[in-house]
$ cat query_31.cif   # mmCIF, N, CA and C atoms and all ligand atoms
data_coords
#
loop_
_atom_site.label_atom_id
_atom_site.label_comp_id
_atom_site.auth_asym_id
_atom_site.auth_seq_id
_atom_site.Cartn_x
_atom_site.Cartn_y
_atom_site.Cartn_z
N MET H 1 -15.90 -12.14 0.47
CA MET H 1 -15.57 -10.88 -0.20
C MET H 1 -16.55 -9.81 0.22
N ASN H 2 -16.24 -8.60 -0.03
CA ASN H 2 -17.08 -7.47 0.37
C ASN H 2 -18.35 -7.40 -0.49
N SER H 3 -19.45 -6.96 0.13
CA SER H 3 -20.67 -6.72 -0.63
C SER H 3 -20.46 -5.46 -1.47
N PRO H 4 -21.26 -5.26 -2.51
CA PRO H 4 -21.09 -4.05 -3.35
C PRO H 4 -21.13 -2.76 -2.54
N ASN H 5 -22.03 -2.67 -1.56
CA ASN H 5 -22.11 -1.45 -0.75
C ASN H 5 -20.88 -1.26 0.12
N GLU H 6 -20.30 -2.37 0.55
CA GLU H 6 -19.12 -2.28 1.42
C GLU H 6 -17.93 -1.62 0.71
N ARG H 7 -17.86 -1.71 -0.60
CA ARG H 7 -16.74 -1.14 -1.35
C ARG H 7 -17.06 0.26 -1.89
N ASP H 8 -18.28 0.71 -1.70
CA ASP H 8 -18.68 2.00 -2.28
C ASP H 8 -18.47 3.15 -1.29
N TYR H 9 -17.24 3.28 -0.81
CA TYR H 9 -16.89 4.35 0.11
C TYR H 9 -15.59 4.99 -0.34
N PRO H 10 -15.40 6.27 -0.04
CA PRO H 10 -14.11 6.88 -0.37
C PRO H 10 -13.03 6.43 0.61
N GLY H 11 -11.80 6.58 0.17
CA GLY H 11 -10.67 6.19 1.02
C GLY H 11 -9.38 6.28 0.24
N TYR H 12 -8.39 5.48 0.66
CA TYR H 12 -7.08 5.55 0.01
C TYR H 12 -6.42 4.17 -0.01
N CYS H 13 -5.47 4.05 -0.93
CA CYS H 13 -4.69 2.82 -1.05
C CYS H 13 -3.76 2.72 0.16
N ILE H 14 -3.73 1.57 0.81
CA ILE H 14 -2.90 1.39 2.00
C ILE H 14 -1.41 1.46 1.66
N LEU H 15 -1.05 1.18 0.41
CA LEU H 15 0.36 1.14 0.05
C LEU H 15 0.86 2.48 -0.51
N CYS H 16 0.16 3.05 -1.47
CA CYS H 16 0.67 4.27 -2.12
C CYS H 16 -0.12 5.53 -1.74
N SER H 17 -1.18 5.39 -0.97
CA SER H 17 -2.00 6.51 -0.48
C SER H 17 -2.85 7.18 -1.55
N LYS H 18 -2.95 6.60 -2.76
CA LYS H 18 -3.81 7.20 -3.79
C LYS H 18 -5.24 7.26 -3.29
N ARG H 19 -5.85 8.41 -3.47
CA ARG H 19 -7.24 8.62 -3.03
C ARG H 19 -8.22 8.04 -4.04
N TYR H 20 -9.31 7.48 -3.53
CA TYR H 20 -10.39 6.97 -4.37
C TYR H 20 -11.71 7.44 -3.79
N GLU H 21 -12.65 7.75 -4.65
CA GLU H 21 -14.01 8.09 -4.19
C GLU H 21 -14.84 6.84 -3.96
N SER H 22 -14.43 5.73 -4.59
CA SER H 22 -15.11 4.46 -4.41
C SER H 22 -14.14 3.35 -4.80
N PHE H 23 -14.31 2.20 -4.17
CA PHE H 23 -13.49 1.05 -4.50
C PHE H 23 -14.31 0.00 -5.26
N SER H 24 -15.52 0.40 -5.66
CA SER H 24 -16.37 -0.53 -6.41
C SER H 24 -15.69 -0.91 -7.71
N ASN H 25 -15.83 -2.16 -8.09
CA ASN H 25 -15.29 -2.69 -9.35
C ASN H 25 -13.77 -2.56 -9.45
N MET H 26 -13.08 -2.49 -8.32
CA MET H 26 -11.62 -2.42 -8.35
C MET H 26 -11.05 -3.72 -7.80
N ASP H 27 -10.13 -4.33 -8.54
CA ASP H 27 -9.44 -5.52 -8.06
C ASP H 27 -8.07 -5.18 -7.51
N LYS H 28 -7.53 -4.03 -7.98
CA LYS H 28 -6.21 -3.61 -7.52
C LYS H 28 -6.09 -2.10 -7.66
N CYS H 29 -5.13 -1.54 -6.98
CA CYS H 29 -4.89 -0.10 -7.06
C CYS H 29 -4.38 0.23 -8.46
N GLU H 30 -4.98 1.23 -9.07
CA GLU H 30 -4.56 1.58 -10.43
C GLU H 30 -3.23 2.33 -10.45
N GLN H 31 -2.75 2.78 -9.30
CA GLN H 31 -1.46 3.48 -9.27
C GLN H 31 -0.30 2.53 -8.96
N CYS H 32 -0.44 1.71 -7.90
CA CYS H 32 0.69 0.85 -7.50
C CYS H 32 0.43 -0.63 -7.78
N GLY H 33 -0.82 -0.99 -8.08
CA GLY H 33 -1.13 -2.36 -8.44
C GLY H 33 -1.37 -3.31 -7.28
N THR H 34 -1.31 -2.80 -6.04
CA THR H 34 -1.51 -3.70 -4.91
C THR H 34 -2.95 -4.21 -4.87
N THR H 35 -3.08 -5.44 -4.38
CA THR H 35 -4.41 -6.01 -4.16
C THR H 35 -4.77 -5.99 -2.68
N GLU H 36 -3.93 -5.32 -1.88
CA GLU H 36 -4.22 -5.18 -0.45
C GLU H 36 -5.54 -4.42 -0.26
N GLN H 37 -6.25 -4.74 0.79
CA GLN H 37 -7.51 -4.07 1.08
C GLN H 37 -7.25 -2.59 1.34
N PRO H 38 -8.04 -1.69 0.72
CA PRO H 38 -7.82 -0.25 0.91
C PRO H 38 -8.30 0.22 2.29
N CYS H 39 -7.95 1.46 2.62
CA CYS H 39 -8.37 2.09 3.87
C CYS H 39 -9.56 2.98 3.57
N LYS H 40 -10.68 2.67 4.18
CA LYS H 40 -11.89 3.44 3.95
C LYS H 40 -11.95 4.61 4.93
N ASP H 41 -12.33 5.78 4.41
CA ASP H 41 -12.41 6.97 5.25
C ASP H 41 -13.34 6.77 6.44
N LYS H 42 -14.39 5.97 6.26
CA LYS H 42 -15.35 5.80 7.35
C LYS H 42 -14.73 5.10 8.55
N TYR H 43 -13.59 4.45 8.36
CA TYR H 43 -12.91 3.80 9.48
C TYR H 43 -11.69 4.58 9.96
N GLN H 44 -11.55 5.83 9.52
CA GLN H 44 -10.42 6.66 9.94
C GLN H 44 -10.63 7.05 11.41
N GLU H 45 -9.57 6.98 12.21
CA GLU H 45 -9.65 7.30 13.63
C GLU H 45 -8.59 8.34 14.00
N SER H 46 -8.86 9.10 15.01
CA SER H 46 -7.87 9.97 15.63
C SER H 46 -7.68 9.46 17.04
N ILE H 47 -6.45 9.10 17.38
CA ILE H 47 -6.20 8.53 18.70
C ILE H 47 -5.03 9.25 19.35
N GLU H 48 -4.93 9.12 20.66
CA GLU H 48 -3.78 9.64 21.38
C GLU H 48 -2.84 8.47 21.61
N VAL H 49 -1.60 8.62 21.17
CA VAL H 49 -0.65 7.52 21.27
C VAL H 49 0.74 8.11 21.48
N ASN H 50 1.59 7.35 22.15
CA ASN H 50 2.96 7.77 22.42
C ASN H 50 3.89 7.21 21.35
N HIS H 51 4.99 7.92 21.06
CA HIS H 51 5.97 7.42 20.08
C HIS H 51 6.44 6.02 20.44
N ARG H 52 6.67 5.78 21.71
CA ARG H 52 7.16 4.46 22.14
C ARG H 52 6.15 3.38 21.77
N GLU H 53 4.88 3.67 21.92
CA GLU H 53 3.85 2.70 21.56
C GLU H 53 3.83 2.46 20.05
N LEU H 54 3.95 3.55 19.28
CA LEU H 54 4.00 3.41 17.83
C LEU H 54 5.20 2.58 17.39
N ARG H 55 6.35 2.88 17.98
CA ARG H 55 7.57 2.13 17.63
C ARG H 55 7.41 0.65 17.94
N LEU H 56 6.84 0.35 19.09
CA LEU H 56 6.64 -1.05 19.46
C LEU H 56 5.75 -1.76 18.43
N LEU H 57 4.65 -1.14 18.07
CA LEU H 57 3.72 -1.75 17.11
C LEU H 57 4.34 -1.87 15.72
N LEU H 58 4.98 -0.79 15.27
CA LEU H 58 5.52 -0.79 13.92
C LEU H 58 6.73 -1.71 13.78
N THR H 59 7.61 -1.75 14.78
CA THR H 59 8.76 -2.65 14.68
C THR H 59 8.32 -4.11 14.75
N ALA H 60 7.28 -4.40 15.52
CA ALA H 60 6.76 -5.78 15.58
C ALA H 60 6.14 -6.15 14.22
N ALA H 61 5.37 -5.25 13.65
CA ALA H 61 4.77 -5.51 12.34
C ALA H 61 5.85 -5.63 11.27
N GLU H 62 6.86 -4.76 11.34
CA GLU H 62 7.97 -4.81 10.38
C GLU H 62 8.68 -6.16 10.47
N ALA H 63 9.01 -6.61 11.68
CA ALA H 63 9.72 -7.88 11.86
C ALA H 63 8.88 -9.04 11.33
N TRP H 64 7.58 -9.01 11.60
CA TRP H 64 6.72 -10.08 11.12
C TRP H 64 6.70 -10.11 9.60
N HIS H 65 6.51 -8.95 8.98
CA HIS H 65 6.45 -8.89 7.52
C HIS H 65 7.78 -9.28 6.89
N LEU H 66 8.88 -8.84 7.47
CA LEU H 66 10.19 -9.18 6.90
C LEU H 66 10.48 -10.67 7.03
N THR H 67 9.91 -11.30 8.04
CA THR H 67 10.13 -12.73 8.26
C THR H 67 9.15 -13.60 7.48
N ASN H 68 7.91 -13.15 7.37
CA ASN H 68 6.84 -14.00 6.81
C ASN H 68 6.33 -13.58 5.44
N GLU H 69 6.64 -12.40 5.00
CA GLU H 69 6.16 -11.91 3.70
C GLU H 69 7.37 -11.60 2.84
N GLU H 70 7.15 -11.04 1.66
CA GLU H 70 8.26 -10.73 0.77
C GLU H 70 8.87 -9.37 1.05
N GLY H 71 8.46 -8.73 2.08
CA GLY H 71 8.99 -7.42 2.44
C GLY H 71 8.02 -6.73 3.34
N ALA H 72 8.41 -5.54 3.78
CA ALA H 72 7.57 -4.80 4.73
C ALA H 72 7.09 -3.48 4.13
N ASP H 73 6.91 -3.44 2.79
CA ASP H 73 6.49 -2.20 2.14
C ASP H 73 5.22 -1.62 2.75
N ILE H 74 4.28 -2.50 3.09
CA ILE H 74 3.01 -2.01 3.65
C ILE H 74 3.25 -1.35 5.01
N VAL H 75 4.16 -1.89 5.81
CA VAL H 75 4.47 -1.31 7.12
C VAL H 75 5.17 0.04 6.93
N TYR H 76 6.08 0.12 5.96
CA TYR H 76 6.78 1.39 5.72
C TYR H 76 5.82 2.45 5.17
N ALA H 77 4.83 2.04 4.39
CA ALA H 77 3.83 2.99 3.89
C ALA H 77 2.99 3.54 5.04
N ILE H 78 2.60 2.65 5.94
CA ILE H 78 1.82 3.08 7.11
C ILE H 78 2.68 3.99 8.00
N ALA H 79 3.93 3.61 8.21
CA ALA H 79 4.84 4.43 9.04
C ALA H 79 5.02 5.82 8.43
N ALA H 80 5.10 5.90 7.12
CA ALA H 80 5.27 7.20 6.45
C ALA H 80 4.04 8.08 6.66
N ARG H 81 2.84 7.49 6.55
CA ARG H 81 1.61 8.27 6.79
C ARG H 81 1.54 8.72 8.25
N ILE H 82 1.91 7.85 9.17
CA ILE H 82 1.90 8.22 10.59
C ILE H 82 2.93 9.32 10.84
N ARG H 83 4.11 9.18 10.26
CA ARG H 83 5.20 10.15 10.48
C ARG H 83 4.77 11.56 10.07
N ARG H 84 4.01 11.66 8.99
CA ARG H 84 3.56 12.99 8.52
C ARG H 84 2.61 13.66 9.52
N GLN H 85 2.08 12.90 10.47
CA GLN H 85 1.14 13.45 11.44
C GLN H 85 1.79 13.77 12.79
N LEU H 86 3.06 13.44 12.95
CA LEU H 86 3.71 13.57 14.25
C LEU H 86 4.29 14.96 14.49
N LYS H 87 4.33 15.35 15.76
CA LYS H 87 4.99 16.60 16.15
C LYS H 87 6.50 16.48 15.95
N TYR H 88 7.06 15.30 16.20
CA TYR H 88 8.50 15.05 16.09
C TYR H 88 8.71 13.93 15.06
N PRO H 89 8.59 14.25 13.79
CA PRO H 89 8.60 13.19 12.76
C PRO H 89 9.95 12.53 12.55
N MET H 90 11.01 13.07 13.11
CA MET H 90 12.33 12.50 12.86
C MET H 90 12.65 11.32 13.77
N ILE H 91 11.83 11.07 14.76
CA ILE H 91 12.07 9.93 15.65
C ILE H 91 11.82 8.63 14.88
N PRO H 92 12.79 7.69 14.92
CA PRO H 92 12.61 6.44 14.19
C PRO H 92 11.37 5.68 14.65
N LEU H 93 10.61 5.18 13.68
CA LEU H 93 9.42 4.39 14.00
C LEU H 93 9.59 2.92 13.69
N THR H 94 10.60 2.60 12.88
CA THR H 94 10.84 1.20 12.49
C THR H 94 12.32 0.89 12.68
N ALA H 95 12.66 -0.38 12.65
CA ALA H 95 14.07 -0.78 12.72
C ALA H 95 14.82 -0.23 11.51
N HIS H 96 14.15 -0.22 10.35
CA HIS H 96 14.78 0.35 9.15
C HIS H 96 15.15 1.81 9.39
N ASP H 97 14.27 2.57 10.03
CA ASP H 97 14.57 3.98 10.35
C ASP H 97 15.82 4.07 11.23
N GLU H 98 15.90 3.18 12.22
CA GLU H 98 17.04 3.21 13.14
C GLU H 98 18.34 2.86 12.42
N PHE H 99 18.31 1.86 11.56
CA PHE H 99 19.52 1.49 10.80
C PHE H 99 19.89 2.62 9.83
N GLN H 100 18.87 3.24 9.22
CA GLN H 100 19.15 4.33 8.29
C GLN H 100 19.79 5.51 9.02
N GLU H 101 19.33 5.76 10.24
CA GLU H 101 19.91 6.84 11.04
C GLU H 101 21.39 6.58 11.30
N LEU H 102 21.73 5.34 11.62
CA LEU H 102 23.15 4.99 11.82
C LEU H 102 23.95 5.18 10.53
N LYS H 103 23.38 4.71 9.41
CA LYS H 103 24.06 4.85 8.11
C LYS H 103 24.27 6.33 7.78
N ASP H 104 23.23 7.15 8.01
CA ASP H 104 23.33 8.59 7.70
C ASP H 104 24.42 9.26 8.52
N LYS H 105 24.64 8.77 9.73
CA LYS H 105 25.66 9.34 10.61
C LYS H 105 27.04 8.72 10.36
N GLY H 106 27.10 7.74 9.45
CA GLY H 106 28.37 7.10 9.14
C GLY H 106 28.84 6.14 10.21
N ILE H 107 27.92 5.68 11.02
CA ILE H 107 28.25 4.76 12.10
C ILE H 107 28.12 3.32 11.58
N GLY H 108 29.19 2.57 11.65
CA GLY H 108 29.17 1.19 11.21
C GLY H 108 28.48 0.29 12.22
N PHE H 109 27.88 -0.76 11.73
CA PHE H 109 27.22 -1.70 12.64
C PHE H 109 27.12 -3.07 11.97
N ILE H 110 26.93 -4.08 12.79
CA ILE H 110 26.71 -5.44 12.30
C ILE H 110 25.41 -5.91 12.91
N SER H 111 24.50 -6.42 12.08
CA SER H 111 23.23 -6.91 12.58
C SER H 111 22.70 -7.99 11.64
N ASN H 112 22.03 -8.96 12.20
CA ASN H 112 21.37 -9.96 11.35
C ASN H 112 19.88 -9.65 11.17
N HIS H 113 19.45 -8.46 11.63
CA HIS H 113 18.05 -8.05 11.43
C HIS H 113 17.82 -7.84 9.94
N PRO H 114 16.73 -8.36 9.39
CA PRO H 114 16.51 -8.23 7.94
C PRO H 114 16.41 -6.78 7.44
N ALA H 115 16.07 -5.85 8.31
CA ALA H 115 15.97 -4.44 7.88
C ALA H 115 17.35 -3.77 7.80
N ALA H 116 18.38 -4.40 8.34
CA ALA H 116 19.69 -3.78 8.39
C ALA H 116 20.32 -3.64 7.01
N ASP H 117 20.02 -4.57 6.11
CA ASP H 117 20.64 -4.56 4.78
C ASP H 117 19.82 -3.83 3.74
N MET H 118 18.68 -3.28 4.13
CA MET H 118 17.83 -2.61 3.15
C MET H 118 18.42 -1.27 2.77
N PRO H 119 18.26 -0.89 1.49
CA PRO H 119 18.80 0.41 1.06
C PRO H 119 18.09 1.58 1.72
ZN ZN U 1 -1.79 2.01 -4.48
#
$ encode --input "query_31.cif" --output "structure tokens" --more "lines below"
Ligand SMILES: [Zn+2]
Amino acid sequence: MNSPNERDYPGYCILCSKRYESFSNMDKCEQCGTTEQPCKDKYQESIEVNHRELRLLLTAAEAWHLTNEEGADIVYAIAARIRRQLKYPMIPLTAHDEFQELKDKGIGFISNHPAADMP
């Protein structure tokens, strides 16, 4: 587990983005209840990346979470934060985004991908 000093940094909840000045004495996010490790500001990075690279990483993470976890909420939360920083935020970053785009356009499809049936 983290040492007391390791948790005494500002940052945000990885799932709901709630800001915290410190994560000391916290077992879970007081807004969404997740016990996932928070994102500390001291580890925030600015990088140059291409949409195609983001899509590759996020769709791989999405597929893994949908297959091995109870859902991909954490991946969709990360994708939403990334999307807010993009010049072209409407480009799909996850398979769910791509299926939603088809649904929004009224285009029917058949897929066994677990993200295809999500609302
Ligand atoms: Zn939260």
$ residues_around --input "query_31.cif" --residues "Tyr9 of chain H" --least-positions-apart "5" --cutoff "8 Å" --atoms "all atoms listed in the file" --output "ChimeraX atom specification"
/H:4,20-24,39-42
$ closest_atom_pairs --input "query_31.cif" --of "chain H" --to "ligand ZN 1 (chain U)" --cutoff "8 Å" --atoms "only C-alpha atoms and all ligand atoms" --output "Markdown table"
| residue | atom | partner | partner_atom | distance |
| --- | --- | --- | --- | --- |
| H:Tyr12 | CA | U:ZN1 | ZN | 7.8 |
| H:Cys13 | CA | U:ZN1 | ZN | 4.6 |
| H:Ile14 | CA | U:ZN1 | ZN | 6.6 |
| H:Leu15 | CA | U:ZN1 | ZN | 5.1 |
| H:Cys16 | CA | U:ZN1 | ZN | 4.1 |
| H:Ser17 | CA | U:ZN1 | ZN | 6.0 |
| H:Lys18 | CA | U:ZN1 | ZN | 5.6 |
| H:Lys28 | CA | U:ZN1 | ZN | 7.8 |
| H:Cys29 | CA | U:ZN1 | ZN | 4.6 |
| H:Glu30 | CA | U:ZN1 | ZN | 6.6 |
| H:Gln31 | CA | U:ZN1 | ZN | 5.0 |
| H:Cys32 | CA | U:ZN1 | ZN | 4.1 |
| H:Gly33 | CA | U:ZN1 | ZN | 5.9 |
| H:Thr34 | CA | U:ZN1 | ZN | 5.7 |
$ atom_distance --input "query_31.cif" --atom1 "atom CA of Ser111 of chain H" --atom2 "atom N of His96 of chain H"
11.5 Å
$ atom_distance --input "query_31.cif" --atom1 "atom CA of Ser46 of chain H" --atom2 "atom CA of Glu101 of chain H"
28.3 Å
$ atom_distance --input "query_31.cif" --atom1 "atom CA of Asp117 of chain H" --atom2 "atom CA of Leu58 of chain H"
18.1 Å
$ closest_residue --input "query_31.cif" --among "H:Ile82, H:Met26, H:Ala72, H:Leu102" --to "Glu45 of chain H" --atoms "only C-alpha atoms"
H:Ile82
$ select_by_dssp --input "query_31.cif" --residues "segment 4-115 of chain H" --states "alpha helix (DSSP H)" --output "ChimeraX atom specification"
/H:51-68,73-83,95-104
$ closest_residue --input "query_31.cif" --among "H:Leu57, H:Asn25, H:Pro38, H:Phe109" --to "Pro10 of chain H" --atoms "all atoms listed in the file"
H:Pro38
$ closest_residue --input "query_31.cif" --among "H:Ile110, H:Met90, H:Leu54, H:Ala61" --to "Val75 of chain H" --atoms "only N, CA and C atoms"
H:Ala61
$ axis_aligned_box --input "query_31.cif" --around "segment 20-36 of chain H" --padding-each-side "3 Å" --output "AutoDock Vina command-line options"
--center_x -7.8 --center_y 1.0 --center_z -5.4 --size_x 23.1 --size_y 20.1 --size_z 16.2
$ residues_around --input "query_31.cif" --residues "Pro119 of chain H" --least-positions-apart "4" --cutoff "12 Å" --atoms "only C-alpha atoms" --output "list in words"
His96, Asp97, Phe99, Gln100, Glu101, Lys103, Asp104, Pro114 and Ala115 of chain H
$ write_last_selection --input "query_31.cif" --atoms "N, CA and C atoms" --output "PDB file, keeping the file's coordinate frame"
ATOM      1  N   HIS H  96      14.150  -0.220  10.350  1.00  0.00           N
ATOM      2  CA  HIS H  96      14.780   0.350   9.150  1.00  0.00           C
ATOM      3  C   HIS H  96      15.150   1.810   9.390  1.00  0.00           C
ATOM      4  N   ASP H  97      14.270   2.570  10.030  1.00  0.00           N
ATOM      5  CA  ASP H  97      14.570   3.980  10.350  1.00  0.00           C
ATOM      6  C   ASP H  97      15.820   4.070  11.230  1.00  0.00           C
ATOM      7  N   PHE H  99      18.310   1.860  11.560  1.00  0.00           N
ATOM      8  CA  PHE H  99      19.520   1.490  10.800  1.00  0.00           C
ATOM      9  C   PHE H  99      19.890   2.620   9.830  1.00  0.00           C
ATOM     10  N   GLN H 100      18.870   3.240   9.220  1.00  0.00           N
ATOM     11  CA  GLN H 100      19.150   4.330   8.290  1.00  0.00           C
ATOM     12  C   GLN H 100      19.790   5.510   9.020  1.00  0.00           C
ATOM     13  N   GLU H 101      19.330   5.760  10.240  1.00  0.00           N
ATOM     14  CA  GLU H 101      19.910   6.840  11.040  1.00  0.00           C
ATOM     15  C   GLU H 101      21.390   6.580  11.300  1.00  0.00           C
ATOM     16  N   LYS H 103      23.380   4.710   9.410  1.00  0.00           N
ATOM     17  CA  LYS H 103      24.060   4.850   8.110  1.00  0.00           C
ATOM     18  C   LYS H 103      24.270   6.330   7.780  1.00  0.00           C
ATOM     19  N   ASP H 104      23.230   7.150   8.010  1.00  0.00           N
ATOM     20  CA  ASP H 104      23.330   8.590   7.700  1.00  0.00           C
ATOM     21  C   ASP H 104      24.420   9.260   8.520  1.00  0.00           C
ATOM     22  N   PRO H 114      16.730  -8.360   9.390  1.00  0.00           N
ATOM     23  CA  PRO H 114      16.510  -8.230   7.940  1.00  0.00           C
ATOM     24  C   PRO H 114      16.410  -6.780   7.440  1.00  0.00           C
ATOM     25  N   ALA H 115      16.070  -5.850   8.310  1.00  0.00           N
ATOM     26  CA  ALA H 115      15.970  -4.440   7.880  1.00  0.00           C
ATOM     27  C   ALA H 115      17.350  -3.770   7.800  1.00  0.00           C
TER      28      ALA H 115
END
$ select_by_dssp --input "query_31.cif" --residues "chain H" --states "strand (DSSP E or B)" --output "list in words"
Gly11, Tyr12, Arg19, Tyr20, Cys39 and Lys40 of chain H
$ decode --input "query_31.cif" --residues "segment 42-58 of chain H" --atoms "N, CA and C atoms" --output "PDB file, in the first residue's frame"
ATOM      1  N   LYS H  42       0.979  15.156  -9.811  1.00  0.00           N
ATOM      2  CA  LYS H  42       2.430  15.128 -10.020  1.00  0.00           C
ATOM      3  C   LYS H  42       2.829  14.170 -11.134  1.00  0.00           C
ATOM      4  N   TYR H  43       1.927  13.266 -11.510  1.00  0.00           N
ATOM      5  CA  TYR H  43       2.219  12.347 -12.612  1.00  0.00           C
ATOM      6  C   TYR H  43       1.496  12.724 -13.900  1.00  0.00           C
ATOM      7  N   GLN H  44       0.940  13.931 -13.959  1.00  0.00           N
ATOM      8  CA  GLN H  44       0.250  14.386 -15.166  1.00  0.00           C
ATOM      9  C   GLN H  44       1.289  14.659 -16.254  1.00  0.00           C
ATOM     10  N   GLU H  45       1.013  14.232 -17.480  1.00  0.00           N
ATOM     11  CA  GLU H  45       1.945  14.407 -18.597  1.00  0.00           C
ATOM     12  C   GLU H  45       1.243  15.084 -19.767  1.00  0.00           C
ATOM     13  N   SER H  46       1.994  15.774 -20.562  1.00  0.00           N
ATOM     14  CA  SER H  46       1.518  16.284 -21.842  1.00  0.00           C
ATOM     15  C   SER H  46       2.352  15.591 -22.905  1.00  0.00           C
ATOM     16  N   ILE H  47       1.685  14.893 -23.806  1.00  0.00           N
ATOM     17  CA  ILE H  47       2.418  14.138 -24.819  1.00  0.00           C
ATOM     18  C   ILE H  47       1.851  14.450 -26.197  1.00  0.00           C
ATOM     19  N   GLU H  48       2.638  14.164 -27.216  1.00  0.00           N
ATOM     20  CA  GLU H  48       2.160  14.278 -28.580  1.00  0.00           C
ATOM     21  C   GLU H  48       1.756  12.888 -29.036  1.00  0.00           C
ATOM     22  N   VAL H  49       0.515  12.756 -29.485  1.00  0.00           N
ATOM     23  CA  VAL H  49       0.009  11.442 -29.861  1.00  0.00           C
ATOM     24  C   VAL H  49      -0.987  11.617 -31.000  1.00  0.00           C
ATOM     25  N   ASN H  50      -1.100  10.594 -31.827  1.00  0.00           N
ATOM     26  CA  ASN H  50      -2.014  10.607 -32.959  1.00  0.00           C
ATOM     27  C   ASN H  50      -3.335   9.941 -32.563  1.00  0.00           C
ATOM     28  N   HIS H  51      -4.441  10.365 -33.180  1.00  0.00           N
ATOM     29  CA  HIS H  51      -5.738   9.738 -32.902  1.00  0.00           C
ATOM     30  C   HIS H  51      -5.678   8.233 -33.107  1.00  0.00           C
ATOM     31  N   ARG H  52      -5.006   7.806 -34.157  1.00  0.00           N
ATOM     32  CA  ARG H  52      -4.926   6.367 -34.442  1.00  0.00           C
ATOM     33  C   ARG H  52      -4.253   5.637 -33.292  1.00  0.00           C
ATOM     34  N   GLU H  53      -3.229   6.229 -32.711  1.00  0.00           N
ATOM     35  CA  GLU H  53      -2.553   5.604 -31.576  1.00  0.00           C
ATOM     36  C   GLU H  53      -3.481   5.545 -30.359  1.00  0.00           C
ATOM     37  N   LEU H  54      -4.207   6.640 -30.121  1.00  0.00           N
ATOM     38  CA  LEU H  54      -5.155   6.653 -29.007  1.00  0.00           C
ATOM     39  C   LEU H  54      -6.227   5.585 -29.189  1.00  0.00           C
ATOM     40  N   ARG H  55      -6.762   5.508 -30.399  1.00  0.00           N
ATOM     41  CA  ARG H  55      -7.805   4.510 -30.681  1.00  0.00           C
ATOM     42  C   ARG H  55      -7.293   3.099 -30.450  1.00  0.00           C
ATOM     43  N   LEU H  56      -6.081   2.834 -30.905  1.00  0.00           N
ATOM     44  CA  LEU H  56      -5.506   1.504 -30.717  1.00  0.00           C
ATOM     45  C   LEU H  56      -5.400   1.162 -29.231  1.00  0.00           C
ATOM     46  N   LEU H  57      -4.881   2.089 -28.450  1.00  0.00           N
ATOM     47  CA  LEU H  57      -4.710   1.845 -27.013  1.00  0.00           C
ATOM     48  C   LEU H  57      -6.054   1.726 -26.298  1.00  0.00           C
ATOM     49  N   LEU H  58      -6.968   2.636 -26.609  1.00  0.00           N
ATOM     50  CA  LEU H  58      -8.249   2.639 -25.902  1.00  0.00           C
ATOM     51  C   LEU H  58      -9.129   1.460 -26.300  1.00  0.00           C
TER      52      LEU H  58
END
